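A.B. asks: Hey, dropping protein-v7.txt in here, compact mmCIF, C-alpha atoms and all ligand atoms:
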# COMPACT_ATOMS: atom_id res chain seq x y z
CA MET A 250 -10.89 226.15 -230.88
CA ASN A 251 -11.28 224.08 -234.07
CA LEU A 252 -15.06 224.46 -233.92
CA TYR A 253 -15.53 228.08 -232.91
CA GLY A 254 -12.18 229.85 -233.18
CA GLN A 255 -9.91 231.71 -230.78
CA GLU A 256 -12.40 234.22 -229.37
CA LEU A 257 -15.01 231.73 -228.12
CA ALA A 258 -12.30 229.26 -227.01
CA LYS A 259 -10.87 232.06 -224.90
CA GLN A 260 -14.27 232.67 -223.31
CA TYR A 261 -14.46 228.97 -222.40
CA ALA A 262 -10.91 228.90 -221.01
CA ASN A 263 -11.48 232.09 -219.00
CA ALA A 264 -14.77 230.81 -217.59
CA ASN A 265 -13.12 227.62 -216.32
CA GLN A 266 -10.08 229.45 -214.90
CA GLN A 267 -12.38 231.95 -213.18
CA ALA A 268 -14.42 229.05 -211.77
CA ILE A 269 -11.24 227.62 -210.17
CA ARG A 270 -10.43 231.05 -208.69
CA PHE A 271 -14.01 231.41 -207.41
CA ILE A 272 -13.92 227.99 -205.69
CA THR A 273 -10.48 228.76 -204.20
CA GLU A 274 -11.62 232.13 -202.84
CA ILE A 275 -14.83 230.84 -201.32
CA VAL A 276 -13.08 227.85 -199.71
CA GLU A 277 -10.40 230.11 -198.22
CA LYS A 278 -12.68 232.97 -197.18
CA TYR A 279 -15.24 230.77 -195.41
CA HIS A 280 -12.83 227.99 -194.33
CA LEU A 281 -14.88 225.30 -196.06
CA GLU A 282 -13.64 221.86 -194.96
CA CYS A 283 -13.32 219.89 -198.20
CA GLU A 284 -9.72 218.65 -198.46
CA PHE A 285 -8.98 221.43 -200.93
CA THR A 286 -5.48 221.43 -202.45
CA LYS A 287 -3.89 223.06 -205.45
CA GLU A 288 -2.46 220.30 -207.68
CA PRO A 289 -0.96 220.13 -211.14
CA ALA A 290 -3.11 218.34 -213.73
CA TYR A 291 -1.39 216.32 -216.46
CA VAL A 292 -2.54 215.30 -219.93
CA TYR A 293 -0.42 212.59 -221.55
CA THR A 294 -0.31 209.98 -224.29
CA GLN A 295 1.23 206.53 -224.67
CA ASP A 296 0.45 206.43 -228.36
CA GLU A 297 3.00 207.70 -230.91
CA GLU A 298 0.16 208.80 -233.19
CA SER A 299 -1.22 211.16 -230.53
CA VAL A 300 2.03 213.05 -229.94
CA ALA A 301 1.09 215.62 -232.60
CA SER A 302 -2.29 216.16 -230.89
CA ILE A 303 -0.61 216.75 -227.53
CA ASN A 304 1.75 219.29 -229.11
CA LYS A 305 -1.19 221.02 -230.81
CA GLU A 306 -3.11 221.04 -227.51
CA LEU A 307 -0.13 222.61 -225.73
CA LEU A 308 0.14 225.39 -228.33
CA ALA A 309 -3.61 226.02 -228.13
CA ALA A 310 -3.50 226.16 -224.31
CA LEU A 311 -0.57 228.60 -224.36
CA SER A 312 -2.29 230.80 -226.94
CA LEU A 313 -5.31 231.00 -224.59
CA GLY A 314 -3.12 232.08 -221.69
CA LEU A 315 -3.58 228.83 -219.71
CA PRO A 316 -0.82 227.87 -217.23
CA ALA A 317 0.51 225.00 -219.39
CA GLU A 318 4.00 223.59 -219.96
CA ALA A 319 5.48 220.50 -221.63
CA VAL A 320 6.71 217.58 -219.49
CA GLU A 321 8.68 214.48 -220.47
CA SER A 322 7.66 212.17 -217.66
CA ILE A 323 4.98 211.80 -214.97
CA GLU A 324 4.83 210.24 -211.52
CA LEU A 325 2.61 207.31 -212.61
CA PRO A 326 4.29 203.98 -213.55
CA ILE A 327 3.52 204.66 -217.21
CA ASN A 328 5.92 205.35 -220.05
CA ILE A 329 4.52 208.37 -221.74
CA LYS A 330 5.65 209.30 -225.24
CA LYS A 331 7.97 211.98 -223.88
CA THR A 332 5.24 214.55 -224.37
CA GLY A 333 2.72 215.51 -221.76
CA ILE A 334 1.19 218.78 -220.63
CA ARG A 335 1.25 220.02 -217.06
CA PHE A 336 -1.42 222.54 -216.04
CA GLU A 337 -0.33 224.30 -212.88
CA ASN A 338 -2.57 225.30 -209.95
CA GLN A 339 -5.64 223.21 -210.65
CA ALA A 340 -8.12 222.49 -207.84
CA GLN A 341 -8.58 219.13 -206.14
CA PHE A 342 -11.25 218.72 -203.47
CA HIS A 343 -13.81 216.36 -202.02
CA PRO A 344 -16.93 217.34 -204.00
CA ARG A 345 -19.51 216.09 -201.48
CA LYS A 346 -17.82 217.83 -198.57
CA TYR A 347 -17.54 221.00 -200.68
CA VAL A 348 -21.21 220.99 -201.66
CA LEU A 349 -22.37 220.27 -198.11
CA ALA A 350 -20.20 223.11 -196.75
CA LEU A 351 -21.52 225.40 -199.49
CA ALA A 352 -25.13 224.50 -198.66
CA LYS A 353 -24.50 225.27 -194.97
CA LEU A 354 -22.90 228.59 -195.86
CA PHE A 355 -25.89 229.43 -198.07
CA THR A 356 -28.43 228.69 -195.33
CA ASP A 357 -26.29 230.43 -192.66
CA LEU A 358 -26.44 233.54 -194.83
CA GLY A 359 -30.24 233.35 -194.97
CA GLY A 360 -30.80 231.19 -198.07
CA VAL A 361 -33.54 228.57 -197.98
CA LEU A 362 -33.03 225.05 -199.35
CA TYR A 363 -35.85 222.52 -199.72
CA GLU A 364 -34.55 218.95 -199.77
CA LYS A 365 -36.52 215.91 -200.94
CA THR A 366 -38.75 218.24 -202.93
CA LYS A 367 -39.24 217.08 -206.47
CA ALA A 368 -40.29 219.51 -209.17
CA VAL A 369 -43.03 217.77 -211.15
CA LYS A 370 -44.06 220.50 -213.56
CA LEU A 371 -42.80 223.81 -214.88
CA ASP A 372 -45.08 226.53 -216.19
CA PRO A 373 -42.54 228.81 -217.91
CA LYS A 374 -45.10 231.38 -218.98
CA ASN A 375 -46.32 232.11 -215.46
CA LYS A 376 -43.01 231.14 -213.83
CA ILE A 377 -44.46 228.48 -211.56
CA VAL A 378 -42.70 225.31 -210.42
CA GLN A 379 -45.12 222.65 -209.27
CA THR A 380 -44.05 220.13 -206.60
CA ASP A 381 -46.14 217.25 -205.24
CA ASN A 382 -47.83 219.49 -202.69
CA HIS A 383 -47.00 223.06 -203.57
CA ALA A 384 -46.80 225.57 -206.38
CA ILE A 385 -43.80 227.90 -206.18
CA THR A 386 -43.88 231.16 -208.05
CA ALA A 387 -40.49 232.71 -208.75
CA LYS A 388 -39.07 235.76 -210.41
CA HIS A 389 -36.27 233.69 -211.95
CA ILE A 390 -36.12 229.92 -212.45
CA VAL A 391 -32.93 227.94 -213.12
CA VAL A 392 -33.36 224.39 -214.41
CA ALA A 393 -30.20 222.68 -213.10
CA THR A 394 -31.41 219.10 -212.84
CA HIS A 395 -28.57 217.39 -214.79
CA TYR A 396 -30.82 216.44 -217.72
CA PRO A 397 -33.07 219.53 -217.96
CA CYS A 398 -36.56 218.39 -217.05
CA PHE A 399 -39.72 220.01 -218.46
CA THR A 400 -37.92 221.32 -221.54
CA GLU A 401 -39.43 218.94 -224.11
CA GLY A 402 -39.75 221.52 -226.86
CA HIS A 403 -36.04 222.35 -226.71
CA MET A 404 -34.81 218.98 -228.02
CA PHE A 405 -32.04 218.47 -225.44
CA PHE A 406 -32.29 214.72 -226.02
CA ALA A 407 -31.13 215.30 -229.60
CA ARG A 408 -28.50 217.91 -228.67
CA MET A 409 -26.60 215.93 -226.05
CA SER A 410 -26.01 212.31 -225.05
CA PRO A 411 -25.48 210.51 -221.74
CA TYR A 412 -22.14 208.78 -221.17
CA THR A 413 -21.34 206.35 -218.38
CA SER A 414 -17.87 206.08 -216.90
CA TYR A 415 -16.50 204.01 -214.07
CA ILE A 416 -14.17 204.71 -211.18
CA THR A 417 -12.45 202.29 -208.89
CA GLY A 418 -10.77 203.25 -205.61
CA VAL A 419 -7.69 201.14 -204.90
CA ARG A 420 -5.57 200.99 -201.76
CA ARG A 421 -1.83 200.84 -202.24
CA ASN A 422 1.23 200.52 -200.04
CA SER A 423 3.17 203.23 -201.85
CA ILE A 424 1.74 206.71 -202.32
CA LEU A 425 1.29 209.23 -205.11
CA ASN A 426 2.77 212.57 -204.08
CA SER A 427 0.82 214.91 -206.29
CA GLY A 428 -1.21 215.48 -209.39
CA MET A 429 -4.29 214.52 -211.38
CA TYR A 430 -3.76 212.68 -214.66
CA ILE A 431 -5.66 211.91 -217.84
CA ASN A 432 -4.57 210.51 -221.21
CA ILE A 433 -5.98 211.22 -224.66
CA ASP A 434 -5.65 207.71 -226.13
CA SER A 435 -8.45 205.46 -227.37
CA HIS A 436 -8.72 203.91 -223.90
CA ILE A 437 -8.97 206.97 -221.66
CA HIS A 438 -7.89 206.61 -218.04
CA SER A 439 -7.78 209.20 -215.28
CA PHE A 440 -5.96 209.11 -211.94
CA ARG A 441 -6.11 211.13 -208.77
CA TYR A 442 -5.49 210.34 -205.13
CA THR A 443 -7.32 211.04 -201.91
CA ASN A 444 -5.91 210.57 -198.43
CA THR A 445 -8.19 208.84 -195.95
CA LYS A 446 -7.42 208.60 -192.23
CA ASN A 447 -5.42 205.38 -192.49
CA TYR A 448 -4.31 205.02 -196.08
CA GLN A 449 -4.10 206.63 -199.49
CA LEU A 450 -6.71 205.73 -202.05
CA LEU A 451 -5.95 206.00 -205.74
CA LEU A 452 -8.99 206.76 -207.87
CA LEU A 453 -8.70 205.25 -211.34
CA GLY A 454 -11.38 206.19 -213.87
CA GLY A 455 -12.11 204.96 -217.37
CA GLU A 456 -14.11 202.53 -219.55
CA SER A 457 -16.45 205.32 -220.66
CA HIS A 458 -19.20 204.45 -223.13
CA LYS A 459 -22.42 205.89 -224.41
CA THR A 460 -25.06 205.01 -221.84
CA GLY A 461 -27.29 202.15 -222.88
CA HIS A 462 -24.66 200.88 -225.34
CA GLY A 463 -22.48 199.32 -222.70
CA GLN A 464 -23.49 195.64 -222.65
CA ASP A 465 -22.10 193.94 -219.56
CA GLU A 466 -21.18 196.71 -217.12
CA THR A 467 -19.52 194.31 -214.65
CA LEU A 468 -16.84 193.67 -217.29
CA ARG A 469 -16.06 197.38 -217.27
CA TYR A 470 -15.12 197.23 -213.60
CA LYS A 471 -13.07 194.10 -214.24
CA ALA A 472 -11.12 195.90 -216.99
CA LEU A 473 -10.36 198.76 -214.56
CA HIS A 474 -9.30 196.35 -211.81
CA ASP A 475 -7.04 194.47 -214.24
CA TYR A 476 -5.42 197.72 -215.34
CA ALA A 477 -4.91 198.85 -211.74
CA ASP A 478 -3.39 195.45 -210.95
CA GLU A 479 -1.03 195.71 -213.94
CA LEU A 480 0.22 199.12 -212.77
CA TYR A 481 0.18 198.44 -209.03
CA PRO A 482 0.51 194.74 -208.17
CA ASP A 483 0.36 195.68 -204.45
CA MET A 484 -3.13 197.21 -204.78
CA SER A 485 -6.48 196.01 -203.41
CA VAL A 486 -9.84 197.24 -204.67
CA ALA A 487 -11.77 199.18 -202.03
CA TYR A 488 -14.57 200.95 -203.91
CA ASN A 489 -16.38 201.09 -207.25
CA TRP A 490 -18.56 203.87 -208.60
CA SER A 491 -20.14 204.66 -211.92
CA ALA A 492 -20.99 208.12 -213.14
CA GLN A 493 -23.27 209.37 -215.81
CA ASP A 494 -22.87 212.72 -217.46
CA TYR A 495 -24.18 214.45 -220.58
CA ILE A 496 -21.93 215.55 -223.42
CA THR A 497 -23.33 218.07 -225.87
CA ILE A 498 -23.01 217.71 -229.58
CA ASP A 499 -20.25 220.36 -229.76
CA TYR A 500 -18.75 219.45 -226.33
CA ILE A 501 -19.66 222.83 -224.81
CA PRO A 502 -22.31 223.00 -222.05
CA TYR A 503 -25.64 224.79 -222.51
CA ILE A 504 -25.74 227.61 -219.98
CA GLY A 505 -28.00 230.65 -220.09
CA LEU A 506 -31.50 231.64 -221.10
CA LEU A 507 -33.49 228.49 -221.96
CA SER A 508 -35.11 230.19 -224.94
CA GLU A 509 -35.89 233.61 -226.29
CA ASP A 510 -39.59 232.80 -225.75
CA TYR A 511 -39.45 233.14 -221.98
CA GLU A 512 -37.69 235.73 -219.92
CA ASP A 513 -36.08 234.61 -216.68
CA ILE A 514 -36.06 230.82 -217.27
CA TYR A 515 -32.44 229.62 -217.32
CA VAL A 516 -30.76 226.29 -217.87
CA GLY A 517 -27.34 224.78 -216.99
CA THR A 518 -26.59 221.34 -218.43
CA GLY A 519 -24.24 219.18 -220.53
CA TYR A 520 -21.10 219.74 -218.46
CA GLY A 521 -19.35 216.84 -220.22
CA LYS A 522 -17.81 215.18 -217.11
CA TRP A 523 -16.37 218.57 -216.18
CA GLY A 524 -19.15 219.71 -213.89
CA MET A 525 -17.09 221.12 -211.04
CA THR A 526 -15.71 224.04 -213.01
CA ASN A 527 -18.44 224.15 -215.68
CA GLY A 528 -21.14 223.96 -212.99
CA THR A 529 -19.46 226.84 -211.15
CA ALA A 530 -19.13 228.78 -214.42
CA ALA A 531 -22.86 228.14 -214.95
CA ALA A 532 -23.62 229.72 -211.57
CA LEU A 533 -21.48 232.76 -212.42
CA VAL A 534 -22.98 233.23 -215.91
CA ILE A 535 -26.59 232.84 -214.75
CA ARG A 536 -26.01 235.08 -211.70
CA ASP A 537 -24.72 237.85 -214.02
CA LEU A 538 -27.53 237.37 -216.55
CA ILE A 539 -30.08 237.74 -213.75
CA LYS A 540 -28.38 240.64 -212.00
CA GLN A 541 -26.96 242.69 -214.86
CA GLY A 542 -28.31 241.17 -218.08
CA SER A 543 -24.96 240.05 -219.52
CA ASN A 544 -21.82 238.03 -218.86
CA PRO A 545 -18.51 237.94 -220.79
CA TRP A 546 -18.85 234.19 -221.54
CA GLN A 547 -22.55 234.09 -222.43
CA ASP A 548 -21.97 233.58 -226.18
CA VAL A 549 -19.86 230.43 -225.99
CA TYR A 550 -22.30 228.75 -223.59
CA SER A 551 -25.55 230.04 -225.08
CA PRO A 552 -28.17 227.24 -225.31
CA SER A 553 -29.46 228.77 -228.52
CA ARG A 554 -26.04 229.25 -230.16
CA HIS A 555 -25.90 228.67 -233.89
CA MET A 556 -24.04 225.48 -234.60
CA THR A 557 -23.17 225.67 -238.25
CA VAL A 558 -19.76 224.07 -238.05
CA ASP A 559 -18.93 220.95 -240.12
CA GLY A 560 -17.64 218.93 -237.17
CA PHE A 561 -20.82 219.62 -235.27
CA LYS A 562 -23.01 218.53 -238.17
CA LYS A 563 -21.07 215.26 -238.46
CA ASN A 564 -21.52 214.64 -234.73
CA LEU A 565 -25.20 215.42 -234.93
CA VAL A 566 -25.74 213.07 -237.88
CA ALA A 567 -23.69 210.26 -236.25
CA ASP A 568 -25.51 210.70 -232.96
CA SER A 569 -28.92 210.87 -234.57
CA ILE A 570 -28.22 207.65 -236.51
CA MET A 571 -27.10 205.97 -233.28
CA ASN A 572 -30.15 207.24 -231.41
CA ALA A 573 -32.47 206.18 -234.21
CA GLY A 574 -30.83 202.72 -234.25
CA ASN A 575 -31.26 202.53 -230.50
CA PHE A 576 -34.86 203.65 -230.76
CA ILE A 577 -35.69 201.01 -233.38
CA SER A 578 -33.74 198.17 -231.72
CA SER A 579 -35.22 199.01 -228.31
CA HIS A 580 -38.67 198.46 -229.80
CA TYR A 581 -37.87 195.05 -231.19
CA LYS A 582 -35.78 193.90 -228.22
CA VAL A 583 -37.94 191.56 -226.27
CA ASN A 584 -36.88 188.31 -224.65
CA HIS A 585 -39.27 185.42 -225.03
CA LYS A 586 -37.95 183.48 -222.06
CA ASP A 587 -40.19 182.50 -219.21
CA ILE A 588 -40.23 184.74 -216.14
CA ALA A 589 -39.04 181.84 -213.96
CA HIS A 590 -35.86 181.63 -216.04
CA LEU A 591 -34.82 185.16 -215.17
CA GLU A 592 -31.81 184.79 -212.89
CA GLN A 593 -31.62 186.44 -209.47
CA GLY A 594 -30.21 189.98 -209.72
CA GLN A 595 -31.16 190.20 -213.41
CA GLY A 596 -33.62 192.33 -215.33
CA ASP A 597 -34.97 192.04 -218.86
CA ILE A 598 -37.77 193.07 -221.20
CA LEU A 599 -40.16 190.11 -221.36
CA LYS A 600 -43.40 189.44 -223.15
CA LEU A 601 -46.00 188.56 -220.53
CA ASP A 602 -49.61 188.07 -221.46
CA HIS A 603 -48.96 189.58 -224.92
CA ARG A 604 -47.56 192.75 -223.31
CA LYS A 605 -43.99 194.00 -223.15
CA VAL A 606 -42.96 194.33 -219.49
CA ALA A 607 -39.65 195.33 -217.82
CA VAL A 608 -39.03 192.73 -215.12
CA TYR A 609 -36.38 192.59 -212.37
CA ARG A 610 -35.88 189.58 -210.04
CA ASP A 611 -34.02 190.42 -206.83
CA HIS A 612 -31.87 188.11 -204.70
CA HIS A 613 -34.89 187.17 -202.54
CA ASN A 614 -36.90 186.08 -205.60
CA LYS A 615 -39.07 189.18 -205.40
CA TYR A 616 -40.15 190.38 -208.85
CA TYR A 617 -40.58 194.03 -209.89
CA PHE A 618 -42.64 194.97 -212.96
CA LEU A 619 -42.53 198.22 -214.91
CA ASP A 620 -44.09 199.59 -218.05
CA PRO A 621 -40.91 199.69 -220.20
CA THR A 622 -42.03 202.40 -222.62
CA CYS A 623 -41.04 206.03 -222.09
CA PRO A 624 -44.21 208.17 -222.22
CA HIS A 625 -42.24 210.95 -223.87
CA LEU A 626 -40.24 209.51 -226.79
CA LYS A 627 -41.80 206.03 -226.71
CA CYS A 628 -38.44 204.23 -226.59
CA VAL A 629 -37.99 201.16 -224.40
CA VAL A 630 -35.80 200.85 -221.30
CA THR A 631 -32.73 198.59 -221.11
CA PHE A 632 -31.27 196.86 -218.05
CA ASN A 633 -27.94 197.93 -216.52
CA ASP A 634 -26.30 194.84 -215.09
CA ALA A 635 -23.78 196.57 -212.78
CA GLU A 636 -26.11 199.16 -211.28
CA LYS A 637 -29.21 196.94 -211.33
CA ASN A 638 -31.45 199.60 -212.77
CA MET A 639 -33.40 200.26 -215.97
CA GLY A 640 -32.89 203.35 -218.07
CA LEU A 641 -33.85 204.95 -221.32
CA PRO A 642 -31.22 204.56 -224.03
CA LEU A 643 -31.82 207.99 -225.59
CA SER A 644 -31.61 210.14 -222.47
CA TRP A 645 -30.80 207.51 -219.82
CA ILE A 646 -33.28 208.77 -217.34
CA LYS A 647 -33.26 206.02 -214.73
CA VAL A 648 -36.53 204.43 -213.71
C1 LIG A 701 -17.52 209.58 -209.62
C2 LIG A 701 -17.55 210.89 -210.40
C3 LIG A 701 -16.37 211.57 -210.66
C4 LIG A 701 -16.39 212.80 -211.31
N1 LIG A 701 -15.20 213.49 -211.48
C5 LIG A 701 -15.25 214.74 -211.94
C6 LIG A 701 -14.09 215.56 -211.94
O1 LIG A 701 -13.00 215.12 -211.53
N2 LIG A 701 -14.19 216.83 -212.40
C7 LIG A 701 -15.37 217.35 -212.83
O2 LIG A 701 -15.41 218.52 -213.18
N3 LIG A 701 -16.49 216.60 -212.87
C8 LIG A 701 -16.47 215.31 -212.43
N4 LIG A 701 -17.60 214.56 -212.42
C9 LIG A 701 -18.79 215.07 -213.13
C10 LIG A 701 -19.60 216.03 -212.32
O3 LIG A 701 -19.86 215.48 -211.05
C11 LIG A 701 -20.89 216.32 -213.11
O4 LIG A 701 -20.52 216.96 -214.32
C12 LIG A 701 -21.83 217.23 -212.35
O5 LIG A 701 -22.21 216.66 -211.11
C13 LIG A 701 -23.09 217.50 -213.13
O6 LIG A 701 -23.72 218.55 -212.46
P1 LIG A 701 -25.26 218.88 -212.63
O7 LIG A 701 -25.55 220.00 -211.70
O8 LIG A 701 -25.59 219.05 -214.08
O9 LIG A 701 -26.03 217.57 -212.16
P2 LIG A 701 -26.11 216.87 -210.74
O10 LIG A 701 -24.83 217.02 -209.99
O11 LIG A 701 -26.64 215.49 -211.02
O12 LIG A 701 -27.23 217.72 -209.95
C14 LIG A 701 -28.58 217.74 -210.38
C15 LIG A 701 -29.47 217.87 -209.14
O13 LIG A 701 -30.82 218.10 -209.57
C16 LIG A 701 -31.70 217.31 -208.76
N5 LIG A 701 -32.94 217.04 -209.53
C17 LIG A 701 -33.09 216.31 -210.66
N6 LIG A 701 -34.37 216.31 -211.05
C18 LIG A 701 -35.06 217.06 -210.15
C19 LIG A 701 -36.44 217.42 -210.00
N7 LIG A 701 -37.39 217.03 -210.87
N8 LIG A 701 -36.80 218.20 -208.94
C20 LIG A 701 -35.86 218.62 -208.03
N9 LIG A 701 -34.54 218.31 -208.13
C21 LIG A 701 -34.16 217.54 -209.17
C22 LIG A 701 -30.90 216.04 -208.47
O14 LIG A 701 -31.42 215.39 -207.32
C23 LIG A 701 -29.49 216.61 -208.26
O15 LIG A 701 -29.30 216.99 -206.92
C24 LIG A 701 -17.61 213.33 -211.78
C25 LIG A 701 -18.80 212.63 -211.55
C26 LIG A 701 -18.78 211.44 -210.82
C27 LIG A 701 -20.09 210.77 -210.45
Taking this structure as input, can you express it in the form of structure tokens?
C.D. replies:
Amino acid sequence: MNLYGQELAKQYANANQQAIRFITEIVEKYHLECEFTKEPAYVYTQDEESVASINKELLAALSLGLPAEAVESIELPINIKKTGIRFENQAQFHPRKYVLALAKLFTDLGGVLYEKTKAVKLDPKNKIVQTDNHAITAKHIVVATHYPCFTEGHMFFARMSPYTSYITGVRRNSILNSGMYINIDSHIHSFRYTNTKNYQLLLLGGESHKTGHGQDETLRYKALHDYADELYPDMSVAYNWSAQDYITIDYIPYIGLLSEDYEDIYVGTGYGKWGMTNGTAAALVIRDLIKQGSNPWQDVYSPSRHMTVDGFKKNLVADSIMNAGNFISSHYKVNHKDIAHLEQGQGDILKLDHRKVAVYRDHHNKYYFLDPTCPHLKCVVTFNDAEKNMGLPLSWIKV
């Protein structure tokens, strides 16, 4: 609302509310098995300085017609600053089960899905998608590949950044009765539960950082485990995951026509860790653009929207400086240690035979070698200690 005003904020709010209604209707109509429940979602703070922001957020939500109300306490063992927001009737479901059920419904209705089929080239002019063995010609093409591939000229790497966040699943003796929770403090944490056959699992998320700027990722999990232990001394860690998602420079996804240059090539990206509703909104917007040429929310999501707002410019400058710093440091970052001194389970950029090489040594002393330089932007990969993979710091495309 601060960036674009009431009208476009309302489009964004409506799109996300409509996405929840769409998911609810499709789950109910086709009996999709995905542990779907309607739950309240809470936003809270533990920081006195953020109380004003929560109050402002509540007023903004109410002015947009969102189902929000103030609360003074929450079910978590956390003392909130007597001000939280409760959003009624939000959707909680098992995303993998939902997507699998949706895919089955799609194919049952006559749709065709090709799995394990990688697009390797896009010819937007002639509307051809090239795979390893085939060329597919289409009337409409939607690039929905998380980071939009084959869109080099559209500068997505400069218009959004990858962020990594971590989730731990902890088993507890007591149970959480309802709700999804997120705070707005400097250390953001989120909570939700899922019931397995034998026990309840609490999913605690947090420790988000710009991808490639994270240093030791294993410490991120440790911080989450310590926090879970502090809140629930009876807990035991059962699972760990990390997620990567793109956040655009003005925090609003890019959904719609890729560019005015090509008709019928669409993009959906930059969902900012909110891909379940924003991804669904993307499907609704692009469906309408294809079928009827317009959609009520197309302006707020437009990939070619004019971003002339001060806040956006500051973000762009800050991000560009960070990316430039990353680009330069990635070029000079080379470790001169001997390959034999690389520990098992570790990767690094080493100088071998006067050449920079990305090297990984696995737990059986097998070595893997990669050219560390991205052929596109020429930046150099960095090693992710927790996931044991190498990625590009500017776009964090994993290699
Ligand atoms: C643990 C975790 C928890 C999360 N929690 C939430 C939450 O509570 N709420 C929420 O809204 N969001 C949540 N998110 C974020 C949400 O999952 C993402 O925003 C969303 O998945 C991004 O959707 P996407 O379609 O852009 O990308 P993806 O889901 O990554 O889908 C992109 C697809 O494109 C395919 N692809 C890529 N390149 C090619 C190619 N060249 N050829 C063919 N196919 C290709 C990929 O294989 C993939 O299937 C969470 C994410 C994680 C991992």
A.B. asks: Box for ligand LIG 701 (chain A) - axis-aligned, 5 Å on each of the six sides, all listed atoms - centre and size in Å to one decimal, as JSON.
C.D. replies:
{"center_x": -25.2, "center_y": 214.8, "center_z": -210.6, "size_x": 34.4, "size_y": 20.4, "size_z": 17.4}
A.B. asks: Select, from A:Leu325, A:Ile385, A:Ala301, A:Cys283, the residue with the minimum atom-to-atom distance to Leu351 (chain A), counting all atoms listed in the file.
C.D. replies: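 Using all atoms listed in the file, Leu351 (chain A) sits closest to A:Cys283.
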A.B. asks: Neighbours of ligand LIG 701 (chain A) within 7 Å, counting all atoms listed in the file, as a ChimeraX atom specification?
C.D. replies: /A:366-369,393-396,398,416,490-494,517-528
A.B. asks: Determine, counting only C-alpha atoms, which protein, DNA and RNA residues have an atom within 9 Å of an atom of Leu371 (chain A); residues of the same chain fewer than 5 positions away are not included. Present the result as a PyMOL selection string.
C.D. replies: chain A and resi 376-379+398-400
A.B. asks: From the options A:Ser312, A:Thr294, A:Asn265, A:Asn328, which residue's atoms come nearest to Met250 (chain A), counting all atoms listed in the file?
C.D. replies: A:Ser312
A.B. asks: Can you find the residues with an atom no farther than 9 Å from (1.9, 210.2, -230.0), counting all atoms listed in the file, and report them as a ChimeraX atom specification?
C.D. replies: /A:294-303,329-332,434
A.B. asks: What does the file look like for those residues with C-alpha atoms, as a tab-separated table (two decimals), in the coordinates of the input?
C.D. replies:
chain	number	residue	atom	x	y	z
A	294	THR	CA	-0.31	209.98	-224.29
A	295	GLN	CA	1.23	206.53	-224.67
A	296	ASP	CA	0.45	206.43	-228.36
A	297	GLU	CA	3.00	207.70	-230.91
A	298	GLU	CA	0.16	208.80	-233.19
A	299	SER	CA	-1.22	211.16	-230.53
A	300	VAL	CA	2.03	213.05	-229.94
A	301	ALA	CA	1.09	215.62	-232.60
A	302	SER	CA	-2.29	216.16	-230.89
A	303	ILE	CA	-0.61	216.75	-227.53
A	329	ILE	CA	4.52	208.37	-221.74
A	330	LYS	CA	5.65	209.30	-225.24
A	331	LYS	CA	7.97	211.98	-223.88
A	332	THR	CA	5.24	214.55	-224.37
A	434	ASP	CA	-5.65	207.71	-226.13
A.B. asks: How far is it from CA of Ala340 (chain A) to CA of Lys446 (chain A), in Å with one decimal?
C.D. replies: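 About the pair CA of Ala340 (chain A) and CA of Lys446 (chain A): they are 20.9 Å apart.
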A.B. asks: Which residues of region 305-378 of chain A have any atom within 12 Å of an atom in region 437-442 of chain A when counting all atoms listed in the file, and what is the closest pair of atoms for each, with the distance in Å to one decimal? Order the rows by chain and rising number and write it as a Markdown table.
C.D. replies:
| residue | atom | partner | partner_atom | distance |
| --- | --- | --- | --- | --- |
| A:Ile323 | CA | A:Phe440 | CA | 11.7 |
| A:Glu324 | CA | A:Phe440 | CA | 10.9 |
| A:Leu325 | CA | A:Phe440 | CA | 8.8 |
| A:Pro326 | CA | A:Phe440 | CA | 11.6 |
| A:Ile327 | CA | A:His438 | CA | 11.6 |
| A:Ala340 | CA | A:Arg441 | CA | 11.6 |
| A:Gln341 | CA | A:Arg441 | CA | 8.8 |
| A:Phe342 | CA | A:Tyr442 | CA | 10.3 |
| A:His343 | CA | A:Tyr442 | CA | 10.7 |
A.B. asks: Distance CA of Phe632 (chain A)-CA of His590 (chain A), one decimal place?
C.D. replies: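 It comes out at 16.0 Å.
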A.B. asks: Using the incomplete input, complete region 597-602 of chain A to the level of N, CA and C atoms; output as a short mmCIF file (atom, residue, chain, number, x, y, z; two decimals), keeping the file's coordinate frame.
C.D. replies:
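The resulting part23.cif:
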data_model
loop_
_atom_site.label_atom_id
_atom_site.label_comp_id
_atom_site.auth_asym_id
_atom_site.auth_seq_id
_atom_site.Cartn_x
_atom_site.Cartn_y
_atom_site.Cartn_z
N ASP A 597 -34.85 192.22 -217.41
CA ASP A 597 -34.97 192.04 -218.86
C ASP A 597 -36.33 192.57 -219.31
N ILE A 598 -36.47 192.71 -220.63
CA ILE A 598 -37.77 193.07 -221.20
C ILE A 598 -38.41 191.75 -221.66
N LEU A 599 -39.51 191.39 -221.06
CA LEU A 599 -40.16 190.11 -221.36
C LEU A 599 -41.55 190.35 -221.93
N LYS A 600 -42.02 189.34 -222.66
CA LYS A 600 -43.40 189.44 -223.15
C LYS A 600 -44.27 188.61 -222.22
N LEU A 601 -45.13 189.26 -221.48
CA LEU A 601 -46.00 188.56 -220.53
C LEU A 601 -47.43 188.89 -220.92
N ASP A 602 -48.21 187.84 -221.14
CA ASP A 602 -49.61 188.07 -221.46
C ASP A 602 -49.78 189.01 -222.67
#
